[in-house]
file my_file_7.pdb (PDB, C-alpha atoms, pLDDT in the B column)
MODEL        1
ATOM      1  CA  LEU A1051     -11.197  86.884 -72.979  1.00 40.00           C
ATOM      2  CA  MET A1052     -13.160  90.000 -72.031  1.00 46.00           C
ATOM      3  CA  ILE A1053     -16.052  89.612 -69.566  1.00 41.00           C
ATOM      4  CA  THR A1054     -18.579  92.370 -69.946  1.00 48.00           C
ATOM      5  CA  THR A1055     -21.069  93.694 -67.421  1.00 48.00           C
ATOM      6  CA  LEU A1056     -23.802  92.015 -69.445  1.00 49.00           C
ATOM      7  CA  ASP A1057     -22.028  88.667 -69.089  1.00 47.00           C
ATOM      8  CA  LEU A1058     -21.920  89.077 -65.308  1.00 44.00           C
ATOM      9  CA  ILE A1059     -25.601  89.925 -65.184  1.00 48.00           C
ATOM     10  CA  LEU A1060     -26.441  86.835 -67.236  1.00 49.00           C
ATOM     11  CA  VAL A1061     -24.379  84.628 -64.899  1.00 45.00           C
ATOM     12  CA  LEU A1062     -26.128  86.055 -61.847  1.00 47.00           C
ATOM     13  CA  LEU A1063     -29.531  85.467 -63.429  1.00 49.00           C
ATOM     14  CA  LEU A1064     -28.553  81.874 -64.221  1.00 45.00           C
ATOM     15  CA  GLN A1065     -27.487  81.297 -60.620  1.00 47.00           C
ATOM     16  CA  VAL A1066     -30.848  82.573 -59.394  1.00 45.00           C
ATOM     17  CA  GLU A1067     -32.660  80.234 -61.783  1.00 45.00           C
ATOM     18  CA  LEU A1068     -30.595  77.248 -60.634  1.00 38.00           C
ATOM     19  CA  GLN A1069     -31.272  78.024 -56.990  1.00 46.00           C
ATOM     20  CA  GLN A1070     -34.987  77.636 -57.642  1.00 47.00           C
ATOM     21  CA  PHE A1071     -34.400  73.991 -58.525  1.00 41.00           C
ATOM     22  CA  ALA A1072     -31.909  73.241 -55.776  1.00 46.00           C
ATOM     23  CA  PRO A1073     -33.043  70.782 -53.078  1.00 50.00           C
ATOM     24  CA  ALA A1074     -34.388  72.350 -49.899  1.00 51.00           C
ATOM     25  CA  SER A1075     -31.768  70.545 -47.834  1.00 53.00           C
ATOM     26  CA  ALA A1076     -28.215  70.798 -49.105  1.00 61.00           C
ATOM     27  CA  LEU A1077     -26.951  68.689 -46.230  1.00 74.00           C
ATOM     28  CA  ALA A1078     -26.333  64.996 -46.698  1.00 82.00           C
ATOM     29  CA  PRO A1079     -28.483  62.785 -44.452  1.00 85.00           C
ATOM     30  CA  PRO A1080     -26.605  61.470 -41.402  1.00 83.00           C
ATOM     31  CA  GLN A1081     -25.564  57.840 -41.285  1.00 86.00           C
ATOM     32  CA  PHE A1082     -28.411  56.794 -39.011  1.00 89.00           C
ATOM     33  CA  TYR A1083     -30.932  57.608 -41.749  1.00 88.00           C
ATOM     34  CA  SER A1084     -29.769  54.590 -43.753  1.00 87.00           C
ATOM     35  CA  LYS A1085     -30.777  52.337 -40.857  1.00 88.00           C
ATOM     36  CA  ILE A1086     -34.381  53.574 -40.540  1.00 90.00           C
ATOM     37  CA  ALA A1087     -36.673  50.660 -41.431  1.00 88.00           C
ATOM     38  CA  SER A1088     -40.111  52.224 -40.885  1.00 88.00           C
ATOM     39  CA  PRO A1089     -41.693  53.052 -44.265  1.00 90.00           C
ATOM     40  CA  LEU A1090     -43.632  55.896 -42.669  1.00 93.00           C
ATOM     41  CA  ALA A1091     -40.440  57.325 -41.189  1.00 93.00           C
ATOM     42  CA  GLN A1092     -38.745  57.002 -44.570  1.00 91.00           C
ATOM     43  CA  ALA A1093     -41.608  58.896 -46.191  1.00 92.00           C
ATOM     44  CA  ALA A1094     -41.431  61.605 -43.519  1.00 93.00           C
ATOM     45  CA  ALA A1095     -37.703  61.997 -44.146  1.00 92.00           C
ATOM     46  CA  GLY A1096     -38.351  62.382 -47.852  1.00 91.00           C
ATOM     47  CA  TYR A1097     -40.845  65.202 -47.327  1.00 93.00           C
ATOM     48  CA  ALA A1098     -38.663  66.993 -44.770  1.00 93.00           C
ATOM     49  CA  SER A1099     -35.622  66.825 -47.049  1.00 91.00           C
ATOM     50  CA  ILE A1100     -37.477  68.881 -49.669  1.00 92.00           C
ATOM     51  CA  GLY A1101     -38.823  71.304 -47.079  1.00 92.00           C
ATOM     52  CA  GLU A1102     -42.370  69.944 -46.984  1.00 93.00           C
ATOM     53  CA  PRO A1103     -44.511  68.674 -44.088  1.00 96.00           C
ATOM     54  CA  ILE A1104     -46.204  65.302 -44.395  1.00 95.00           C
ATOM     55  CA  PRO A1105     -49.459  65.764 -46.377  1.00 95.00           C
ATOM     56  CA  PRO A1106     -52.900  65.350 -44.753  1.00 96.00           C
ATOM     57  CA  THR A1107     -53.421  61.898 -46.244  1.00 94.00           C
ATOM     58  CA  ILE A1108     -51.056  59.143 -47.321  1.00 90.00           C
ATOM     59  CA  ASP A1109     -51.661  56.524 -49.965  1.00 78.00           C
ATOM     60  CA  ALA A1110     -51.440  53.153 -48.245  1.00 65.00           C
ATOM     61  CA  SER A1111     -50.117  51.578 -51.418  1.00 61.00           C
ATOM     62  CA  THR A1112     -47.089  53.853 -51.105  1.00 59.00           C
ATOM     63  CA  LEU A1113     -46.397  52.392 -47.689  1.00 58.00           C
ATOM     64  CA  HIS A1114     -46.787  48.892 -49.076  1.00 46.00           C
ATOM     65  CA  LEU A1115     -44.344  49.666 -51.876  1.00 37.00           C
ATOM     66  CA  CYS A1116     -41.878  50.660 -49.179  1.00 38.00           C
ATOM     67  CA  GLY A1117     -42.290  47.236 -47.614  1.00 35.00           C
ATOM     68  CA  THR A1118     -44.492  48.158 -44.690  1.00 37.00           C
ATOM     69  CA  ASN A1119     -46.155  45.627 -42.455  1.00 34.00           C
ATOM     70  CA  ILE A1120     -49.047  47.507 -40.863  1.00 35.00           C
ATOM     71  CA  ASP A1121     -49.863  46.105 -37.434  1.00 37.00           C
ATOM     72  CA  ASN A1122     -53.596  46.684 -37.884  1.00 35.00           C
ATOM     73  CA  PRO A1123     -54.265  45.698 -41.513  1.00 32.00           C
ATOM     74  CA  THR A1124     -57.598  46.937 -42.794  1.00 33.00           C
ATOM     75  CA  THR A1125     -59.240  48.472 -45.802  1.00 33.00           C
ATOM     76  CA  PHE A1126     -59.819  52.135 -45.145  1.00 31.00           C
ATOM     77  CA  THR A1127     -61.193  54.926 -47.242  1.00 33.00           C
ATOM     78  CA  ASP A1128     -60.998  58.680 -47.258  1.00 33.00           C
ATOM     79  CA  SER A1129     -63.306  61.197 -48.884  1.00 33.00           C
ATOM     80  CA  SER A1130     -60.407  62.383 -51.024  1.00 37.00           C
ATOM     81  CA  SER A1131     -59.392  58.915 -52.188  1.00 36.00           C
ATOM     82  CA  SER A1132     -59.987  57.575 -55.661  1.00 35.00           C
ATOM     83  CA  PRO A1133     -61.778  54.257 -56.244  1.00 38.00           C
ATOM     84  CA  GLY A1134     -59.498  51.371 -55.393  1.00 37.00           C
ATOM     85  CA  ILE A1135     -56.939  53.559 -53.622  1.00 37.00           C
ATOM     86  CA  ASN A1136     -56.669  53.251 -49.865  1.00 71.00           C
ATOM     87  CA  ARG A1137     -55.700  56.360 -47.952  1.00 82.00           C
ATOM     88  CA  GLY A1138     -54.965  57.087 -44.337  1.00 93.00           C
ATOM     89  CA  THR A1139     -55.339  60.398 -42.537  1.00 96.00           C
ATOM     90  CA  VAL A1140     -52.197  61.822 -40.943  1.00 97.00           C
ATOM     91  CA  ALA A1141     -51.944  63.522 -37.548  1.00 98.00           C
ATOM     92  CA  THR A1142     -49.004  64.510 -35.357  1.00 98.00           C
ATOM     93  CA  PHE A1143     -48.987  64.572 -31.562  1.00 98.00           C
ATOM     94  CA  ALA A1144     -46.351  65.460 -28.979  1.00 98.00           C
ATOM     95  CA  GLY A1145     -46.821  63.999 -25.531  1.00 97.00           C
ATOM     96  CA  GLY A1146     -43.486  64.007 -23.756  1.00 95.00           C
ATOM     97  CA  CYS A1147     -41.240  60.988 -24.262  1.00 94.00           C
ATOM     98  CA  PHE A1148     -42.128  59.671 -27.703  1.00 95.00           C
ATOM     99  CA  TRP A1149     -41.589  56.042 -26.727  1.00 93.00           C
ATOM    100  CA  GLY A1150     -44.728  56.000 -24.597  1.00 95.00           C
ATOM    101  CA  ILE A1151     -46.967  58.037 -26.864  1.00 96.00           C
ATOM    102  CA  GLN A1152     -46.129  55.801 -29.842  1.00 96.00           C
ATOM    103  CA  GLN A1153     -47.056  52.691 -27.874  1.00 95.00           C
ATOM    104  CA  ALA A1154     -50.335  54.301 -26.818  1.00 96.00           C
ATOM    105  CA  TYR A1155     -51.285  55.011 -30.430  1.00 97.00           C
ATOM    106  CA  ASP A1156     -50.132  51.613 -31.657  1.00 95.00           C
ATOM    107  CA  ASP A1157     -52.586  50.061 -29.182  1.00 96.00           C
ATOM    108  CA  GLU A1158     -55.500  52.199 -30.423  1.00 96.00           C
ATOM    109  CA  PRO A1159     -57.913  50.464 -32.864  1.00 95.00           C
ATOM    110  CA  GLY A1160     -58.050  52.284 -36.175  1.00 93.00           C
ATOM    111  CA  VAL A1161     -54.428  53.413 -36.060  1.00 94.00           C
ATOM    112  CA  LEU A1162     -52.640  51.960 -39.065  1.00 91.00           C
ATOM    113  CA  ALA A1163     -49.056  53.111 -38.707  1.00 92.00           C
ATOM    114  CA  THR A1164     -46.897  55.335 -36.514  1.00 95.00           C
ATOM    115  CA  CYS A1165     -43.369  56.655 -36.356  1.00 96.00           C
ATOM    116  CA  VAL A1166     -41.521  58.931 -33.953  1.00 97.00           C
ATOM    117  CA  GLY A1167     -39.273  61.888 -34.572  1.00 97.00           C
ATOM    118  CA  TYR A1168     -38.721  65.576 -34.107  1.00 97.00           C
ATOM    119  CA  THR A1169     -40.917  68.474 -35.222  1.00 98.00           C
ATOM    120  CA  GLN A1170     -41.646  72.204 -34.780  1.00 96.00           C
ATOM    121  CA  GLY A1171     -37.953  73.045 -34.673  1.00 94.00           C
ATOM    122  CA  ASP A1172     -35.811  75.727 -36.238  1.00 91.00           C
ATOM    123  CA  ASN A1173     -35.970  75.691 -40.031  1.00 81.00           C
ATOM    124  CA  ASP A1174     -32.195  75.618 -40.332  1.00 82.00           C
ATOM    125  CA  ALA A1175     -31.850  72.664 -37.938  1.00 88.00           C
ATOM    126  CA  GLN A1176     -31.896  69.895 -40.526  1.00 91.00           C
ATOM    127  CA  TYR A1177     -31.613  66.161 -39.825  1.00 94.00           C
ATOM    128  CA  PRO A1178     -31.585  66.625 -36.022  1.00 94.00           C
ATOM    129  CA  SER A1179     -30.329  63.773 -33.876  1.00 93.00           C
ATOM    130  CA  TYR A1180     -31.646  62.672 -30.490  1.00 93.00           C
ATOM    131  CA  SER A1181     -28.701  64.231 -28.671  1.00 94.00           C
ATOM    132  CA  GLU A1182     -29.104  67.524 -30.540  1.00 94.00           C
ATOM    133  CA  VAL A1183     -32.812  67.724 -29.736  1.00 96.00           C
ATOM    134  CA  CYS A1184     -32.146  66.892 -26.079  1.00 94.00           C
ATOM    135  CA  SER A1185     -29.684  69.778 -25.944  1.00 94.00           C
ATOM    136  CA  GLU A1186     -32.707  72.076 -26.575  1.00 94.00           C
ATOM    137  CA  GLU A1187     -30.676  73.959 -29.184  1.00 93.00           C
ATOM    138  CA  THR A1188     -32.726  72.959 -32.249  1.00 95.00           C
ATOM    139  CA  GLY A1189     -36.154  73.913 -30.914  1.00 94.00           C
ATOM    140  CA  HIS A1190     -37.703  70.529 -31.772  1.00 97.00           C
ATOM    141  CA  THR A1191     -40.109  68.540 -29.659  1.00 97.00           C
ATOM    142  CA  GLU A1192     -40.363  64.754 -29.570  1.00 97.00           C
ATOM    143  CA  ALA A1193     -43.484  63.726 -31.477  1.00 98.00           C
ATOM    144  CA  CYS A1194     -45.358  60.844 -33.055  1.00 98.00           C
ATOM    145  CA  VAL A1195     -46.880  60.785 -36.537  1.00 97.00           C
ATOM    146  CA  VAL A1196     -50.088  58.759 -36.641  1.00 97.00           C
ATOM    147  CA  VAL A1197     -51.730  57.382 -39.788  1.00 95.00           C
ATOM    148  CA  PHE A1198     -55.297  56.397 -39.005  1.00 94.00           C
ATOM    149  CA  ASP A1199     -58.568  55.332 -40.559  1.00 93.00           C
ATOM    150  CA  PRO A1200     -61.144  58.067 -39.773  1.00 95.00           C
ATOM    151  CA  ALA A1201     -63.923  55.523 -40.312  1.00 93.00           C
ATOM    152  CA  GLN A1202     -62.641  53.602 -37.297  1.00 94.00           C
ATOM    153  CA  VAL A1203     -61.219  56.236 -34.989  1.00 97.00           C
ATOM    154  CA  SER A1204     -61.865  59.968 -34.801  1.00 98.00           C
ATOM    155  CA  TYR A1205     -59.350  62.748 -34.320  1.00 98.00           C
ATOM    156  CA  ALA A1206     -61.145  63.622 -31.088  1.00 98.00           C
ATOM    157  CA  ARG A1207     -60.442  60.111 -29.786  1.00 98.00           C
ATOM    158  CA  LEU A1208     -56.764  60.395 -30.737  1.00 98.00           C
ATOM    159  CA  ALA A1209     -56.615  63.663 -28.800  1.00 98.00           C
ATOM    160  CA  GLU A1210     -58.102  61.853 -25.805  1.00 98.00           C
ATOM    161  CA  VAL A1211     -55.296  59.302 -26.042  1.00 98.00           C
ATOM    162  CA  LEU A1212     -52.794  62.143 -25.923  1.00 98.00           C
ATOM    163  CA  PHE A1213     -54.291  63.781 -22.848  1.00 97.00           C
ATOM    164  CA  HIS A1214     -54.705  60.431 -21.110  1.00 96.00           C
ATOM    165  CA  ARG A1215     -51.007  59.843 -21.646  1.00 95.00           C
ATOM    166  CA  VAL A1216     -50.085  63.324 -20.402  1.00 95.00           C
ATOM    167  CA  ASP A1217     -51.015  63.375 -16.722  1.00 90.00           C
ATOM    168  CA  ASP A1218     -50.944  67.162 -16.344  1.00 95.00           C
ATOM    169  CA  PRO A1219     -51.067  69.155 -19.601  1.00 97.00           C
ATOM    170  CA  THR A1220     -50.972  72.418 -17.639  1.00 97.00           C
ATOM    171  CA  MET A1221     -47.257  71.891 -17.068  1.00 96.00           C
ATOM    172  CA  LEU A1222     -45.043  73.731 -19.564  1.00 95.00           C
ATOM    173  CA  ASN A1223     -42.171  71.749 -21.087  1.00 96.00           C
ATOM    174  CA  ARG A1224     -42.724  68.885 -18.687  1.00 94.00           C
ATOM    175  CA  VAL A1225     -44.396  65.480 -18.754  1.00 94.00           C
ATOM    176  CA  GLY A1226     -43.877  63.368 -15.652  1.00 91.00           C
ATOM    177  CA  LYS A1227     -40.210  63.447 -14.710  1.00 90.00           C
ATOM    178  CA  ASP A1228     -39.129  64.536 -18.187  1.00 93.00           C
ATOM    179  CA  ARG A1229     -38.353  68.233 -18.427  1.00 94.00           C
ATOM    180  CA  GLY A1230     -37.214  70.432 -21.290  1.00 95.00           C
ATOM    181  CA  THR A1231     -38.570  72.115 -24.403  1.00 96.00           C
ATOM    182  CA  GLN A1232     -38.220  68.825 -26.265  1.00 96.00           C
ATOM    183  CA  TYR A1233     -40.955  67.434 -24.010  1.00 96.00           C
ATOM    184  CA  ARG A1234     -43.544  70.132 -24.634  1.00 97.00           C
ATOM    185  CA  THR A1235     -46.928  68.787 -25.666  1.00 97.00           C
ATOM    186  CA  GLY A1236     -48.732  69.619 -28.865  1.00 98.00           C
ATOM    187  CA  MET A1237     -51.295  68.789 -31.505  1.00 98.00           C
ATOM    188  CA  TYR A1238     -49.919  69.684 -34.926  1.00 98.00           C
ATOM    189  CA  ALA A1239     -52.496  69.753 -37.698  1.00 98.00           C
ATOM    190  CA  HIS A1240     -51.954  68.681 -41.295  1.00 98.00           C
ATOM    191  CA  SER A1241     -54.950  70.579 -42.695  1.00 98.00           C
ATOM    192  CA  ASP A1242     -57.182  73.521 -41.846  1.00 98.00           C
ATOM    193  CA  GLU A1243     -60.001  71.124 -40.982  1.00 98.00           C
ATOM    194  CA  GLN A1244     -57.762  69.171 -38.627  1.00 98.00           C
ATOM    195  CA  LEU A1245     -56.609  72.400 -36.993  1.00 98.00           C
ATOM    196  CA  LEU A1246     -60.232  73.129 -36.078  1.00 98.00           C
ATOM    197  CA  GLN A1247     -60.562  69.617 -34.652  1.00 98.00           C
ATOM    198  CA  ALA A1248     -57.402  70.126 -32.612  1.00 98.00           C
ATOM    199  CA  ARG A1249     -58.711  73.415 -31.240  1.00 98.00           C
ATOM    200  CA  GLU A1250     -61.979  71.752 -30.273  1.00 98.00           C
ATOM    201  CA  ALA A1251     -60.085  68.966 -28.503  1.00 98.00           C
ATOM    202  CA  TYR A1252     -57.958  71.543 -26.711  1.00 98.00           C
ATOM    203  CA  ASP A1253     -61.057  73.427 -25.542  1.00 98.00           C
ATOM    204  CA  VAL A1254     -62.581  70.235 -24.156  1.00 97.00           C
ATOM    205  CA  GLU A1255     -59.445  69.466 -22.151  1.00 97.00           C
ATOM    206  CA  ASN A1256     -58.894  73.044 -21.084  1.00 97.00           C
ATOM    207  CA  ASN A1257     -62.464  73.323 -19.760  1.00 96.00           C
ATOM    208  CA  MET A1258     -61.800  70.296 -17.555  1.00 95.00           C
ATOM    209  CA  TRP A1259     -58.908  72.123 -15.900  1.00 96.00           C
ATOM    210  CA  ARG A1260     -60.716  75.435 -15.355  1.00 92.00           C
ATOM    211  CA  THR A1261     -61.783  74.571 -11.827  1.00 91.00           C
ATOM    212  CA  SER A1262     -58.118  74.238 -10.884  1.00 92.00           C
ATOM    213  CA  GLY A1263     -57.421  77.732 -12.156  1.00 93.00           C
ATOM    214  CA  ARG A1264     -54.788  76.419 -14.550  1.00 96.00           C
ATOM    215  CA  THR A1265     -54.533  76.540 -18.336  1.00 97.00           C
ATOM    216  CA  VAL A1266     -53.580  73.667 -20.622  1.00 98.00           C
ATOM    217  CA  MET A1267     -50.193  74.411 -22.161  1.00 97.00           C
ATOM    218  CA  THR A1268     -50.496  72.014 -25.104  1.00 98.00           C
ATOM    219  CA  GLU A1269     -49.596  73.707 -28.383  1.00 98.00           C
ATOM    220  CA  VAL A1270     -52.156  73.740 -31.200  1.00 98.00           C
ATOM    221  CA  LYS A1271     -50.483  74.655 -34.475  1.00 98.00           C
ATOM    222  CA  MET A1272     -50.116  73.675 -38.082  1.00 98.00           C
ATOM    223  CA  THR A1273     -47.479  71.003 -38.437  1.00 98.00           C
ATOM    224  CA  GLY A1274     -43.955  71.818 -39.488  1.00 96.00           C
ATOM    225  CA  LEU A1275     -41.251  69.582 -40.910  1.00 96.00           C
ATOM    226  CA  PHE A1276     -41.053  66.181 -39.260  1.00 97.00           C
ATOM    227  CA  TRP A1277     -37.614  64.581 -39.049  1.00 96.00           C
ATOM    228  CA  PRO A1278     -37.669  60.868 -38.106  1.00 96.00           C
ATOM    229  CA  ALA A1279     -35.772  59.702 -35.053  1.00 95.00           C
ATOM    230  CA  GLU A1280     -33.067  57.091 -35.100  1.00 93.00           C
ATOM    231  CA  GLU A1281     -34.112  53.471 -35.709  1.00 93.00           C
ATOM    232  CA  GLU A1282     -33.474  52.502 -32.075  1.00 92.00           C
ATOM    233  CA  HIS A1283     -36.213  54.910 -31.015  1.00 93.00           C
ATOM    234  CA  GLN A1284     -38.828  53.571 -33.458  1.00 94.00           C
ATOM    235  CA  SER A1285     -41.277  51.230 -31.647  1.00 90.00           C
ATOM    236  CA  TYR A1286     -38.873  51.325 -28.721  1.00 87.00           C
ATOM    237  CA  LEU A1287     -41.196  49.819 -26.119  1.00 89.00           C
ATOM    238  CA  ALA A1288     -42.588  47.220 -28.541  1.00 89.00           C
ATOM    239  CA  LYS A1289     -39.032  45.974 -29.018  1.00 85.00           C
ATOM    240  CA  GLY A1290     -38.771  45.436 -25.280  1.00 79.00           C
ATOM    241  CA  SER A1291     -35.953  47.966 -25.117  1.00 65.00           C
ATOM    242  CA  GLY A1292     -37.077  49.593 -21.891  1.00 65.00           C
ATOM    243  CA  ARG A1293     -39.820  51.592 -20.266  1.00 67.00           C
ATOM    244  CA  CYS A1294     -41.000  55.188 -20.440  1.00 61.00           C
TER     245      CYS A1294
ENDMDL
END
call {"tool": "encode", "arguments": {"input": "my_file_7.pdb", "output": "structure tokens"}}
result
Amino acid sequence: LMITTLDLILVLLLQVELQQFAPASALAPPQFYSKIASPLAQAAAGYASIGEPIPPTIDASTLHLCGTNIDNPTTFTDSSSSPGINRGTVATFAGGCFWGIQQAYDDEPGVLATCVGYTQGDNDAQYPSYSEVCSEETGHTEACVVVFDPAQVSYARLAEVLFHRVDDPTMLNRVGKDRGTQYRTGMYAHSDEQLLQAREAYDVENNMWRTSGRTVMTEVKMTGLFWPAEEEHQSYLAKGSGRC
């Protein structure tokens, strides 16, 4: 059988076409992913596995189909929602140890669902584990995804919760006794509009620290991929597993 140069070219073109339809993540999810019970965390994993950040709004019915049990059940609407479809706005915050920041948001009226995980890391660091993130080799920070009803709680208020939780946001890669790049603080926006809101919230906090001569080190960026943390870290304090 003779293979011509034209045949080789056709094979190469076919490989290029197939690569366009290949999944963003060729790695198989680690075992701990099968144990994640949070519907929001499951959804986040699905988006990250195809190389996409969580969208600005999430259809609540999708969460219900996943078997969610929202702690603060309510009917909420969004300007982009269709009649009869409930949507929640998505935001991501990093405030040091994600156990404490998740509990703070779970206690906030208007917050509908949360999950913790790892974000803003290296693009090639897929399915990071807690130990890998703590090694500071993946570039991720511990963070909390928040789904909220904007009719009940504003983004500005959620930013206040973050800064209340972080005693001194002028410290780089440090919150309390926790030190390392995985503990850097941040507000990671899911839309251009939310990015403006995050910048406004940053300016408010930064102005409060001006008299001290220090600058707030909290990152304000568009969100990247969000990889959910292991099940034992989800709602850690609510489970009575410890303290942060």
call {"tool": "resolve_selection", "arguments": {"input": "my_file_7.pdb", "expression": "the PyMOL selection byres ((chain A and resi 1251-1261) around 10)", "output": "short mmCIF file (atom, residue, chain, number, x, y, z; two decimals) with C-alpha atoms, in the frame of the given file"}}
result
data_model
loop_
_atom_site.label_atom_id
_atom_site.label_comp_id
_atom_site.auth_asym_id
_atom_site.auth_seq_id
_atom_site.Cartn_x
_atom_site.Cartn_y
_atom_site.Cartn_z
CA TYR A 1205 -59.35 62.75 -34.32
CA ALA A 1206 -61.14 63.62 -31.09
CA ARG A 1207 -60.44 60.11 -29.79
CA LEU A 1208 -56.76 60.40 -30.74
CA ALA A 1209 -56.62 63.66 -28.80
CA GLU A 1210 -58.10 61.85 -25.80
CA PHE A 1213 -54.29 63.78 -22.85
CA ASP A 1218 -50.94 67.16 -16.34
CA PRO A 1219 -51.07 69.16 -19.60
CA THR A 1220 -50.97 72.42 -17.64
CA GLY A 1236 -48.73 69.62 -28.86
CA MET A 1237 -51.30 68.79 -31.50
CA LEU A 1245 -56.61 72.40 -36.99
CA LEU A 1246 -60.23 73.13 -36.08
CA GLN A 1247 -60.56 69.62 -34.65
CA ALA A 1248 -57.40 70.13 -32.61
CA ARG A 1249 -58.71 73.42 -31.24
CA GLU A 1250 -61.98 71.75 -30.27
CA SER A 1262 -58.12 74.24 -10.88
CA GLY A 1263 -57.42 77.73 -12.16
CA ARG A 1264 -54.79 76.42 -14.55
CA THR A 1265 -54.53 76.54 -18.34
CA VAL A 1266 -53.58 73.67 -20.62
CA MET A 1267 -50.19 74.41 -22.16
CA THR A 1268 -50.50 72.01 -25.10
CA GLU A 1269 -49.60 73.71 -28.38
CA VAL A 1270 -52.16 73.74 -31.20
#
call {"tool": "resolve_selection", "arguments": {"input": "my_file_7.pdb", "expression": "the PyMOL selection byres ((chain A and resi 1090-1096) around 8)", "output": "PyMOL selection string"}}
result
chain A and resi 1086-1089+1097-1100+1103-1104+1113+1163-1166+1276-1278
call {"tool": "write_last_selection", "arguments": {"input": "my_file_7.pdb", "atoms": "C-alpha atoms", "output": "PDB file, in the frame of the given file"}}
result
ATOM      1  CA  ILE A1086     -34.381  53.574 -40.540  1.00 90.00           C
ATOM      2  CA  ALA A1087     -36.673  50.660 -41.431  1.00 88.00           C
ATOM      3  CA  SER A1088     -40.111  52.224 -40.885  1.00 88.00           C
ATOM      4  CA  PRO A1089     -41.693  53.052 -44.265  1.00 90.00           C
ATOM      5  CA  TYR A1097     -40.845  65.202 -47.327  1.00 93.00           C
ATOM      6  CA  ALA A1098     -38.663  66.993 -44.770  1.00 93.00           C
ATOM      7  CA  SER A1099     -35.622  66.825 -47.049  1.00 91.00           C
ATOM      8  CA  ILE A1100     -37.477  68.881 -49.669  1.00 92.00           C
ATOM      9  CA  PRO A1103     -44.511  68.674 -44.088  1.00 96.00           C
ATOM     10  CA  ILE A1104     -46.204  65.302 -44.395  1.00 95.00           C
ATOM     11  CA  LEU A1113     -46.397  52.392 -47.689  1.00 58.00           C
ATOM     12  CA  ALA A1163     -49.056  53.111 -38.707  1.00 92.00           C
ATOM     13  CA  THR A1164     -46.897  55.335 -36.514  1.00 95.00           C
ATOM     14  CA  CYS A1165     -43.369  56.655 -36.356  1.00 96.00           C
ATOM     15  CA  VAL A1166     -41.521  58.931 -33.953  1.00 97.00           C
ATOM     16  CA  PHE A1276     -41.053  66.181 -39.260  1.00 97.00           C
ATOM     17  CA  TRP A1277     -37.614  64.581 -39.049  1.00 96.00           C
ATOM     18  CA  PRO A1278     -37.669  60.868 -38.106  1.00 96.00           C
TER      19      PRO A1278
END
call {"tool": "residues_near_point", "arguments": {"input": "my_file_7.pdb", "point": "(-30.3, 67.1, -36.8)", "cutoff": "10 Å", "atoms": "all atoms listed in the file", "output": "count of residues only"}}
result
19
call {"tool": "closest_residue", "arguments": {"input": "my_file_7.pdb", "among": "A:Thr1142, A:Ser1185, A:Ser1285, A:Gln1232", "to": "Met1272 in chain A", "atoms": "all atoms listed in the file"}}
result
A:Thr1142
call {"tool": "residues_around", "arguments": {"input": "my_file_7.pdb", "residues": "Gln1170 in chain A", "least_positions_apart": "4", "cutoff": "8 Å", "atoms": "all atoms listed in the file", "output": "list of chain:residue names"}}
result
A:Gly1189, A:His1190, A:Thr1191, A:Thr1273, A:Gly1274, A:Leu1275, A:Phe1276
call {"tool": "resolve_selection", "arguments": {"input": "my_file_7.pdb", "expression": "the PyMOL selection byres ((chain A and resi 1153) around 12)", "output": "number ranges by chain"}}
result
A: 1121, 1145, 1147-1152, 1154-1158, 1161, 1163-1166, 1194-1196, 1211-1212, 1215, 1283-1290, 1293-1294
call {"tool": "atom_distance", "arguments": {"input": "my_file_7.pdb", "atom1": "CA of Leu1077 in chain A", "atom2": "CA of Pro1105 in chain A"}}
result
22.7 Å
call {"tool": "atom_distance", "arguments": {"input": "my_file_7.pdb", "atom1": "CA of Ile1108 in chain A", "atom2": "CA of Gly1167 in chain A"}}
result
17.6 Å
call {"tool": "residues_around", "arguments": {"input": "my_file_7.pdb", "residues": "Val1140 in chain A", "least_positions_apart": "4", "cutoff": "6 Å", "atoms": "all atoms listed in the file", "output": "MDAnalysis selection string"}}
result
chainID A and resid 1106:1107 1196:1197
call {"tool": "atom_distance", "arguments": {"input": "my_file_7.pdb", "atom1": "CA of Gly1138 in chain A", "atom2": "CA of Asp1172 in chain A"}}
result
27.9 Å
call {"tool": "closest_residue", "arguments": {"input": "my_file_7.pdb", "among": "A:His1240, A:Glu1187, A:Asp1199, A:Gly1146", "to": "Arg1224 in chain A", "atoms": "only C-alpha atoms"}}
result
A:Gly1146
call {"tool": "axis_aligned_box", "arguments": {"input": "my_file_7.pdb", "around": "range 1277-1290 of chain A", "padding_each_side": "5 Å", "output": "lines of an AutoDock Vina configuration file"}}
result
center_x = -37.8
center_y = 55.0
center_z = -32.2
size_x = 19.5
size_y = 29.1
size_z = 23.8
